[in-house]
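As stored in my_file_24.txt (compact mmCIF, C-alpha atoms and all ligand atoms):
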# COMPACT_ATOMS: atom_id res chain seq x y z
CA MET A 218 -14.47 11.75 -3.80
CA SER A 219 -14.33 11.65 -7.59
CA ILE A 220 -11.48 9.75 -9.14
CA GLN A 221 -11.07 10.09 -12.90
CA HIS A 222 -9.21 7.84 -15.31
CA ILE A 223 -6.88 10.00 -17.43
CA ALA A 224 -4.85 7.67 -19.70
CA SER A 225 -3.36 4.17 -20.00
CA CYS A 226 -0.24 2.76 -21.67
CA ARG A 227 1.95 -0.34 -21.80
CA LEU A 228 4.64 -0.51 -19.10
CA PRO A 229 7.36 -3.11 -19.59
CA THR A 230 9.16 -3.81 -16.28
CA VAL A 231 11.72 -6.35 -15.06
CA SER A 232 8.79 -8.42 -13.70
CA ALA A 233 6.32 -8.35 -16.60
CA GLN A 234 4.76 -6.13 -19.21
CA PHE A 235 2.00 -4.37 -17.30
CA GLU A 236 -0.64 -1.89 -18.37
CA LEU A 237 -0.23 1.42 -16.53
CA HIS A 238 -3.35 3.46 -15.79
CA GLY A 239 -3.19 7.06 -14.56
CA PHE A 240 -5.96 8.48 -12.39
CA GLN A 241 -6.57 11.89 -10.86
CA ASP A 242 -8.50 12.73 -7.74
CA ALA A 243 -10.55 15.72 -8.83
CA ASP A 244 -10.86 16.96 -5.23
CA THR A 245 -7.17 16.96 -4.25
CA GLY A 246 -5.39 16.83 -7.61
CA ALA A 247 -3.46 13.76 -6.43
CA GLU A 248 -2.25 11.49 -9.24
CA HIS A 249 -2.66 7.78 -8.47
CA LEU A 250 -1.50 4.81 -10.55
CA ALA A 251 -2.67 1.27 -11.27
CA LEU A 252 -0.50 -1.45 -12.81
CA THR A 253 -2.57 -4.31 -14.21
CA LEU A 254 -1.80 -7.69 -15.72
CA GLY A 255 -4.10 -10.27 -17.31
CA ALA A 256 -7.87 -10.62 -17.31
CA ILE A 257 -8.82 -8.81 -14.12
CA ASN A 258 -12.41 -8.02 -15.12
CA ASP A 259 -13.73 -11.59 -15.30
CA GLY A 260 -15.47 -11.49 -11.90
CA ALA A 261 -13.03 -13.81 -10.09
CA PRO A 262 -11.05 -12.42 -7.10
CA VAL A 263 -7.91 -10.56 -8.19
CA LEU A 264 -4.48 -10.66 -6.54
CA CYS A 265 -3.86 -7.05 -5.49
CA ARG A 266 -1.28 -4.90 -3.76
CA VAL A 267 -2.41 -1.49 -2.49
CA HIS A 268 0.94 0.28 -2.07
CA SER A 269 1.40 3.73 -0.52
CA GLU A 270 4.13 5.88 -2.03
CA CYS A 271 7.50 5.76 -0.26
CA MET A 272 10.01 7.80 -2.26
CA THR A 273 12.88 6.82 0.03
CA GLY A 274 12.13 3.09 -0.09
CA ASP A 275 10.65 2.68 -3.57
CA ALA A 276 13.09 4.91 -5.50
CA LEU A 277 16.15 5.39 -3.26
CA PHE A 278 16.50 1.82 -1.91
CA SER A 279 16.20 2.94 1.74
CA GLN A 280 16.62 0.19 4.31
CA ARG A 281 14.74 2.14 7.00
CA CYS A 282 11.49 0.51 5.92
CA ASP A 283 10.35 -2.52 3.93
CA CYS A 284 8.48 -0.63 1.15
CA GLY A 285 10.87 -1.07 -1.78
CA ALA A 286 11.23 -4.81 -1.19
CA GLN A 287 7.45 -5.17 -0.78
CA LEU A 288 6.83 -3.29 -4.04
CA ALA A 289 9.23 -5.53 -5.96
CA ALA A 290 7.87 -8.70 -4.31
CA ALA A 291 4.27 -7.74 -5.12
CA MET A 292 5.11 -7.09 -8.78
CA GLU A 293 6.95 -10.43 -8.98
CA ARG A 294 4.03 -12.24 -7.38
CA ILE A 295 1.50 -10.70 -9.78
CA ALA A 296 3.81 -11.53 -12.69
CA ALA A 297 4.10 -15.15 -11.48
CA GLU A 298 0.28 -15.50 -11.44
CA GLY A 299 -0.02 -13.68 -14.77
CA ARG A 300 -2.96 -11.72 -13.38
CA GLY A 301 -3.35 -8.98 -10.81
CA VAL A 302 -3.36 -5.30 -9.99
CA LEU A 303 -1.07 -2.99 -8.06
CA LEU A 304 -2.51 0.34 -6.93
CA TYR A 305 0.26 2.88 -6.32
CA LEU A 306 -1.27 5.56 -4.10
CA ARG A 307 0.38 8.95 -3.82
CA GLN A 308 0.07 9.26 -0.06
CA GLU A 309 3.71 9.50 0.90
CA GLY A 310 4.75 9.10 4.53
CA ARG A 311 1.48 7.48 5.61
CA GLY A 312 -0.26 10.55 4.22
CA ILE A 313 1.82 13.35 5.82
CA GLY A 314 4.01 14.01 2.75
CA LEU A 315 7.69 13.52 1.99
CA LEU A 316 9.14 16.50 3.84
CA ASN A 317 7.11 15.76 6.96
CA LYS A 318 8.28 12.13 6.75
CA ILE A 319 11.87 13.40 6.73
CA ARG A 320 11.00 15.50 9.81
CA ALA A 321 9.59 12.32 11.39
CA TYR A 322 12.75 10.38 10.46
CA GLN A 323 14.84 13.13 12.08
CA LEU A 324 12.88 12.67 15.31
CA GLN A 325 13.34 8.90 14.97
CA ASP A 326 17.11 9.42 14.59
CA GLY A 327 16.86 11.00 18.06
CA GLY A 328 15.12 7.95 19.54
CA VAL A 329 11.40 8.66 19.05
CA ASP A 330 9.41 5.79 17.49
CA THR A 331 7.51 6.03 14.18
CA VAL A 332 4.10 6.54 15.83
CA ASP A 333 5.17 9.17 18.37
CA ALA A 334 7.19 11.03 15.72
CA ASN A 335 4.02 11.63 13.69
CA VAL A 336 2.09 12.68 16.79
CA ARG A 337 4.83 15.11 17.90
CA LEU A 338 4.57 16.76 14.49
CA GLY A 339 0.82 17.19 14.98
CA PHE A 340 -0.32 14.35 12.71
CA PRO A 341 -2.18 11.11 13.34
CA ALA A 342 -0.04 7.95 13.38
CA ASP A 343 -1.55 7.06 9.99
CA ALA A 344 -3.21 9.80 7.92
CA ARG A 345 -3.99 7.68 4.86
CA GLY A 346 -7.37 7.07 3.23
CA TYR A 347 -8.41 4.42 0.74
CA ALA A 348 -11.65 5.84 -0.71
CA MET A 349 -10.03 6.34 -4.14
CA CYS A 350 -9.42 2.60 -4.47
CA ALA A 351 -13.09 1.76 -4.99
CA GLY A 352 -13.31 4.11 -7.98
CA MET A 353 -10.01 2.92 -9.48
CA LEU A 354 -10.90 -0.77 -9.13
CA GLY A 355 -14.42 -0.10 -10.40
CA HIS A 356 -13.00 1.52 -13.53
CA LEU A 357 -10.75 -1.51 -14.05
CA GLY A 358 -13.67 -3.92 -13.63
CA VAL A 359 -12.21 -5.66 -10.56
CA ALA A 360 -14.93 -7.40 -8.52
CA SER A 361 -13.03 -8.46 -5.37
CA LEU A 362 -9.50 -8.76 -4.00
CA ARG A 363 -6.99 -11.21 -2.63
CA LEU A 364 -5.00 -8.49 -0.88
CA LEU A 365 -1.25 -8.61 -0.32
CA THR A 366 -0.73 -6.87 3.03
CA ASN A 367 0.37 -7.33 6.63
CA ASN A 368 -1.89 -4.50 7.80
CA PRO A 369 -5.33 -5.56 9.07
CA ARG A 370 -6.37 -1.89 9.33
CA LYS A 371 -5.84 -1.52 5.59
CA VAL A 372 -8.17 -4.49 5.03
CA ALA A 373 -10.79 -2.85 7.26
CA ALA A 374 -10.40 0.58 5.63
CA LEU A 375 -10.74 -0.86 2.13
CA ALA A 376 -13.82 -2.87 3.12
CA GLU A 377 -15.31 0.30 4.60
CA ALA A 378 -14.55 2.10 1.32
CA GLY A 379 -16.65 -0.51 -0.50
CA VAL A 380 -13.88 -2.82 -1.79
CA PRO A 381 -14.73 -6.53 -1.28
CA ILE A 382 -11.75 -8.53 0.06
CA VAL A 383 -11.92 -12.32 0.13
CA GLU A 384 -8.41 -13.07 1.39
CA ARG A 385 -5.45 -11.39 3.08
CA ILE A 386 -2.08 -12.67 1.89
CA ALA A 387 1.00 -11.81 3.97
CA LEU A 388 3.72 -9.85 2.15
CA VAL A 389 6.81 -10.22 4.27
CA SER A 390 9.93 -8.92 2.53
CA GLY A 391 12.81 -6.54 3.10
CA HIS A 392 13.44 -7.10 6.81
CA ASN A 393 16.98 -6.09 7.80
CA HIS A 394 18.90 -4.90 10.85
CA HIS A 395 18.21 -1.23 10.04
CA ASN A 396 14.41 -1.62 10.13
CA GLN A 397 14.07 -4.24 12.89
CA GLY A 398 12.98 -1.67 15.48
CA TYR A 399 10.64 0.15 13.07
CA LEU A 400 8.92 -3.12 12.09
CA ALA A 401 8.63 -4.15 15.74
CA VAL A 402 6.83 -0.85 16.48
CA LYS A 403 4.48 -1.41 13.53
CA ALA A 404 3.61 -4.84 14.94
CA ALA A 405 3.22 -3.61 18.53
CA ARG A 406 1.50 -0.25 17.97
CA MET A 407 -0.06 -0.36 14.50
CA GLY A 408 -1.40 -3.92 14.43
CA HIS A 409 0.79 -5.24 11.62
CA LEU A 410 1.00 -9.03 11.32
CA PHE A 411 4.20 -10.47 9.94
CA ASP A 412 3.56 -14.18 9.66
CA THR A 413 -0.02 -15.13 8.90
CA SER A 414 -2.45 -14.97 5.99
CA CYS A 415 -6.15 -15.69 6.14
CA VAL A 416 -9.24 -16.24 4.08
CA LEU A 417 -12.01 -13.86 5.14
CA ALA A 418 -15.61 -14.99 5.49
CA ASP A 419 -18.34 -12.95 3.76
CA ASP A 420 -18.61 -9.50 5.39
CA GLU A 421 -15.76 -10.29 7.78
CA VAL A 422 -13.39 -7.45 8.52
CA LEU A 423 -10.22 -7.93 10.50
CA PRO A 424 -9.89 -5.91 13.71
N1 LIG A 501 5.19 9.14 8.67
C1 LIG A 501 5.96 8.06 8.39
N2 LIG A 501 5.71 7.36 7.28
C2 LIG A 501 6.47 6.27 7.06
C3 LIG A 501 7.52 5.88 7.90
N3 LIG A 501 8.09 4.78 7.39
C4 LIG A 501 7.41 4.48 6.25
N4 LIG A 501 6.43 5.39 6.05
C5 LIG A 501 5.40 5.43 5.01
O1 LIG A 501 4.51 4.37 5.28
C6 LIG A 501 3.83 3.99 4.11
C7 LIG A 501 3.86 2.49 4.00
O2 LIG A 501 3.16 1.99 5.09
P1 LIG A 501 3.61 0.74 5.90
O3 LIG A 501 3.23 0.97 7.34
O4 LIG A 501 5.04 0.38 5.61
O5 LIG A 501 2.79 -0.46 5.36
P2 LIG A 501 1.25 -0.57 5.07
O6 LIG A 501 1.03 -0.09 3.68
O7 LIG A 501 0.43 0.05 6.16
O8 LIG A 501 1.04 -2.14 5.23
P3 LIG A 501 1.52 -3.30 4.26
O9 LIG A 501 0.41 -3.44 3.26
O10 LIG A 501 1.66 -4.48 5.13
O11 LIG A 501 2.81 -2.87 3.64
C8 LIG A 501 4.53 4.72 2.96
O12 LIG A 501 3.71 5.83 2.59
C9 LIG A 501 5.83 5.19 3.61
O13 LIG A 501 6.31 6.39 3.02
C10 LIG A 501 7.77 6.66 9.06
O14 LIG A 501 8.63 6.37 9.89
N5 LIG A 501 6.97 7.73 9.27
ZN ZN A 502 8.98 3.00 3.14
Represent the structure of the file as structure tokens.
Amino acid sequence: MSIQHIASCRLPTVSAQFELHGFQDADTGAEHLALTLGAINDGAPVLCRVHSECMTGDALFSQRCDCGAQLAAAMERIAAEGRGVLLYLRQEGRGIGLLNKIRAYQLQDGGVDTVDANVRLGFPADARGYAMCAGMLGHLGVASLRLLTNNPRKVAALAEAGVPIVERIALVSGHNHHNQGYLAVKAARMGHLFDTSCVLADDEVLP
């Protein structure tokens, strides 16, 4: 995969004034973003959120998932430290795309869970990849991550993609009565952890 940096600009937000960096995956044409704050190229581990696009949660305030609240919480946390990076990856709907996610939601409205809905549509439960992150972080000069996530498989996939992770920090936000069942399925069937953080030993990858 070849990820290319295209342009950067200032991005004032309600949390902080970030730098926004635009990247393009030359193979797929996908446009990925990085928000950065502070001196992230000094060799010390960097607080990082790797966020997958969720149009319904991030832009439309959907309560079906926890994405919008997690995005805001991650930006606030990076702002509070004064240093960090948020990768905003354009792999909507766990990689199946927005319209297929709406198809999956329609099945879920009929009682199917989030994993089986993807499978019924002919997709894997999670079709995302993280190979682009190594190139984006390399361009930004980031040496290693303290990763904000509840998803141990994301930690493993990033490590496999060549991104060193020294710590996983839980990012629990946006739980409500609409997404209780969805979050329970993510914990039971997708390995998500909702209450613990951990420091990883050298070369350790979570299951
Ligand atoms: N196919 C599908 N995608 C969903 C559904 N709900 C949320 N998503 C997508 O899931 C992605 C976010 O993944 P999550 O499982 O919430 O979280 P994660 O990124 O794996 O883990 P965290 O780092 O802990 O947030 C976004 O791309 C959403 O659009 C759903 O029911 N079906
Ligand atoms: Zn979401």
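Comparing A:Cys282, A:Ala334, A:Met349, A:Leu354 by their smallest distance to A:Gly246, the closest is A:Met349 (using all atoms listed in the file).
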>> Using only C-alpha atoms and all ligand atoms, which residues of the polymer chains come no farther than 8 Å from ligand ZN 502 (chain A)? I'd like the answer as an MDAnalysis selection string.
In response: chainID A and resid 270:275 279 281:285 310
Selection to disk with C-alpha atoms, as a PDB file, in the coordinates of the input:
ATOM      1  CA  GLU A 270       4.130   5.880  -2.030  1.00  0.00           C
ATOM      2  CA  CYS A 271       7.500   5.760  -0.260  1.00  0.00           C
ATOM      3  CA  MET A 272      10.010   7.800  -2.260  1.00  0.00           C
ATOM      4  CA  THR A 273      12.880   6.820   0.030  1.00  0.00           C
ATOM      5  CA  GLY A 274      12.130   3.090  -0.090  1.00  0.00           C
ATOM      6  CA  ASP A 275      10.650   2.680  -3.570  1.00  0.00           C
ATOM      7  CA  SER A 279      16.200   2.940   1.740  1.00  0.00           C
ATOM      8  CA  ARG A 281      14.740   2.140   7.000  1.00  0.00           C
ATOM      9  CA  CYS A 282      11.490   0.510   5.920  1.00  0.00           C
ATOM     10  CA  ASP A 283      10.350  -2.520   3.930  1.00  0.00           C
ATOM     11  CA  CYS A 284       8.480  -0.630   1.150  1.00  0.00           C
ATOM     12  CA  GLY A 285      10.870  -1.070  -1.780  1.00  0.00           C
ATOM     13  CA  GLY A 310       4.750   9.100   4.530  1.00  0.00           C
TER      14      GLY A 310
END
>> List as a PyMOL selection string the protein and nucleic acid residues lying within 6 Å of ligand LIG 501 (chain A), with all atoms listed in the file counted.
In response: chain A and resi 268-271+282+284+308-311+318+321-322+331+335+366-368
> In Å to one decimal, how far is atom CA of A:Val263 from atom CA of A:Ile382?
Replying inline: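 Result for atom CA of A:Ile382 versus atom CA of A:Val263: 9.3 Å, one decimal.
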> If you count only C-alpha atoms, which residues fall within 12 Å of A:Ala387, apart from same-chain ones fewer than 5 positions away, as a ChimeraX atom specification?
Replying inline: /A:264-266,287,290-291,294,363-369,372,409-416
Using only C-alpha atoms, please write the residues we just selected to a file, as a PDB file, keeping the file's coordinate frame.
ATOM      1  CA  LEU A 264      -4.480 -10.660  -6.540  1.00  0.00           C
ATOM      2  CA  CYS A 265      -3.860  -7.050  -5.490  1.00  0.00           C
ATOM      3  CA  ARG A 266      -1.280  -4.900  -3.760  1.00  0.00           C
ATOM      4  CA  GLN A 287       7.450  -5.170  -0.780  1.00  0.00           C
ATOM      5  CA  ALA A 290       7.870  -8.700  -4.310  1.00  0.00           C
ATOM      6  CA  ALA A 291       4.270  -7.740  -5.120  1.00  0.00           C
ATOM      7  CA  ARG A 294       4.030 -12.240  -7.380  1.00  0.00           C
ATOM      8  CA  ARG A 363      -6.990 -11.210  -2.630  1.00  0.00           C
ATOM      9  CA  LEU A 364      -5.000  -8.490  -0.880  1.00  0.00           C
ATOM     10  CA  LEU A 365      -1.250  -8.610  -0.320  1.00  0.00           C
ATOM     11  CA  THR A 366      -0.730  -6.870   3.030  1.00  0.00           C
ATOM     12  CA  ASN A 367       0.370  -7.330   6.630  1.00  0.00           C
ATOM     13  CA  ASN A 368      -1.890  -4.500   7.800  1.00  0.00           C
ATOM     14  CA  PRO A 369      -5.330  -5.560   9.070  1.00  0.00           C
ATOM     15  CA  VAL A 372      -8.170  -4.490   5.030  1.00  0.00           C
ATOM     16  CA  HIS A 409       0.790  -5.240  11.620  1.00  0.00           C
ATOM     17  CA  LEU A 410       1.000  -9.030  11.320  1.00  0.00           C
ATOM     18  CA  PHE A 411       4.200 -10.470   9.940  1.00  0.00           C
ATOM     19  CA  ASP A 412       3.560 -14.180   9.660  1.00  0.00           C
ATOM     20  CA  THR A 413      -0.020 -15.130   8.900  1.00  0.00           C
ATOM     21  CA  SER A 414      -2.450 -14.970   5.990  1.00  0.00           C
ATOM     22  CA  CYS A 415      -6.150 -15.690   6.140  1.00  0.00           C
ATOM     23  CA  VAL A 416      -9.240 -16.240   4.080  1.00  0.00           C
TER      24      VAL A 416
END
>> What does the structure give for the distance between atom CA of A:Ala243 and atom CA of A:Val302, in Å to one decimal?
In response: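 About the pair atom CA of A:Ala243 and atom CA of A:Val302: they are 22.2 Å apart.
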> Distance atom CA of A:Ser225-atom CA of A:Gly299, one decimal place?
Replying inline: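 Computing the Euclidean distance for atom CA of A:Ser225 and atom CA of A:Gly299 yields 18.9 Å.
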>> Give me the residues near A:Ile220 as a list in words, where near means some atom within 9 Å (using only C-alpha atoms) and where sequence neighbours in that chain fewer than 3 positions away do not count.
In response: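 That gives Phe240, Gln241, Asp242, Ala243, Asp244, Met349, Cys350, Gly352 and Met353 of chain A.
Among the candidate residues A:Met292, A:Gly358, A:Asp333, A:Ala224, the one lying nearest to A:Leu388 is A:Met292, with distances computed using all atoms listed in the file.
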> So, counting all atoms listed in the file, which residue among A:Val332, A:Leu250, A:Leu277, A:Val389 is closest to A:Leu303?
Replying inline: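 Nearest candidate to A:Leu303 out of A:Val332, A:Leu250, A:Leu277, A:Val389: A:Leu250.
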Please enclose the listed atoms of stretch 393-399 of chain A in an axis-aligned box, pad each side by 6 Å, and write out the centre and the three edge lengths in Å, rounded to one decimal, as AutoDock Vina command-line options.
--center_x 14.8 --center_y -3.0 --center_z 11.6 --size_x 20.3 --size_y 18.2 --size_z 19.7
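Within the 9 Å cut-off around A:Gly239, using all atoms listed in the file and omitting residues fewer than 5 positions from it on the same chain, the listed residues are Gln221, His222, Ile223, Ala224, Ser225, Cys226, Glu248, His249, Leu250 and Ala251 of chain A.
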Take the residues from that selection and write them out as a PDB file, in the coordinates of the input, keeping C-alpha atoms.
ATOM      1  CA  GLN A 221     -11.070  10.090 -12.900  1.00  0.00           C
ATOM      2  CA  HIS A 222      -9.210   7.840 -15.310  1.00  0.00           C
ATOM      3  CA  ILE A 223      -6.880  10.000 -17.430  1.00  0.00           C
ATOM      4  CA  ALA A 224      -4.850   7.670 -19.700  1.00  0.00           C
ATOM      5  CA  SER A 225      -3.360   4.170 -20.000  1.00  0.00           C
ATOM      6  CA  CYS A 226      -0.240   2.760 -21.670  1.00  0.00           C
ATOM      7  CA  GLU A 248      -2.250  11.490  -9.240  1.00  0.00           C
ATOM      8  CA  HIS A 249      -2.660   7.780  -8.470  1.00  0.00           C
ATOM      9  CA  LEU A 250      -1.500   4.810 -10.550  1.00  0.00           C
ATOM     10  CA  ALA A 251      -2.670   1.270 -11.270  1.00  0.00           C
TER      11      ALA A 251
END
> So which residues touch A:Ala261 within 9 Å, counting only C-alpha atoms, skipping near sequence neighbours fewer than 6 positions away, as a VMD selection string?
Replying inline: chain A and resid 359 to 362
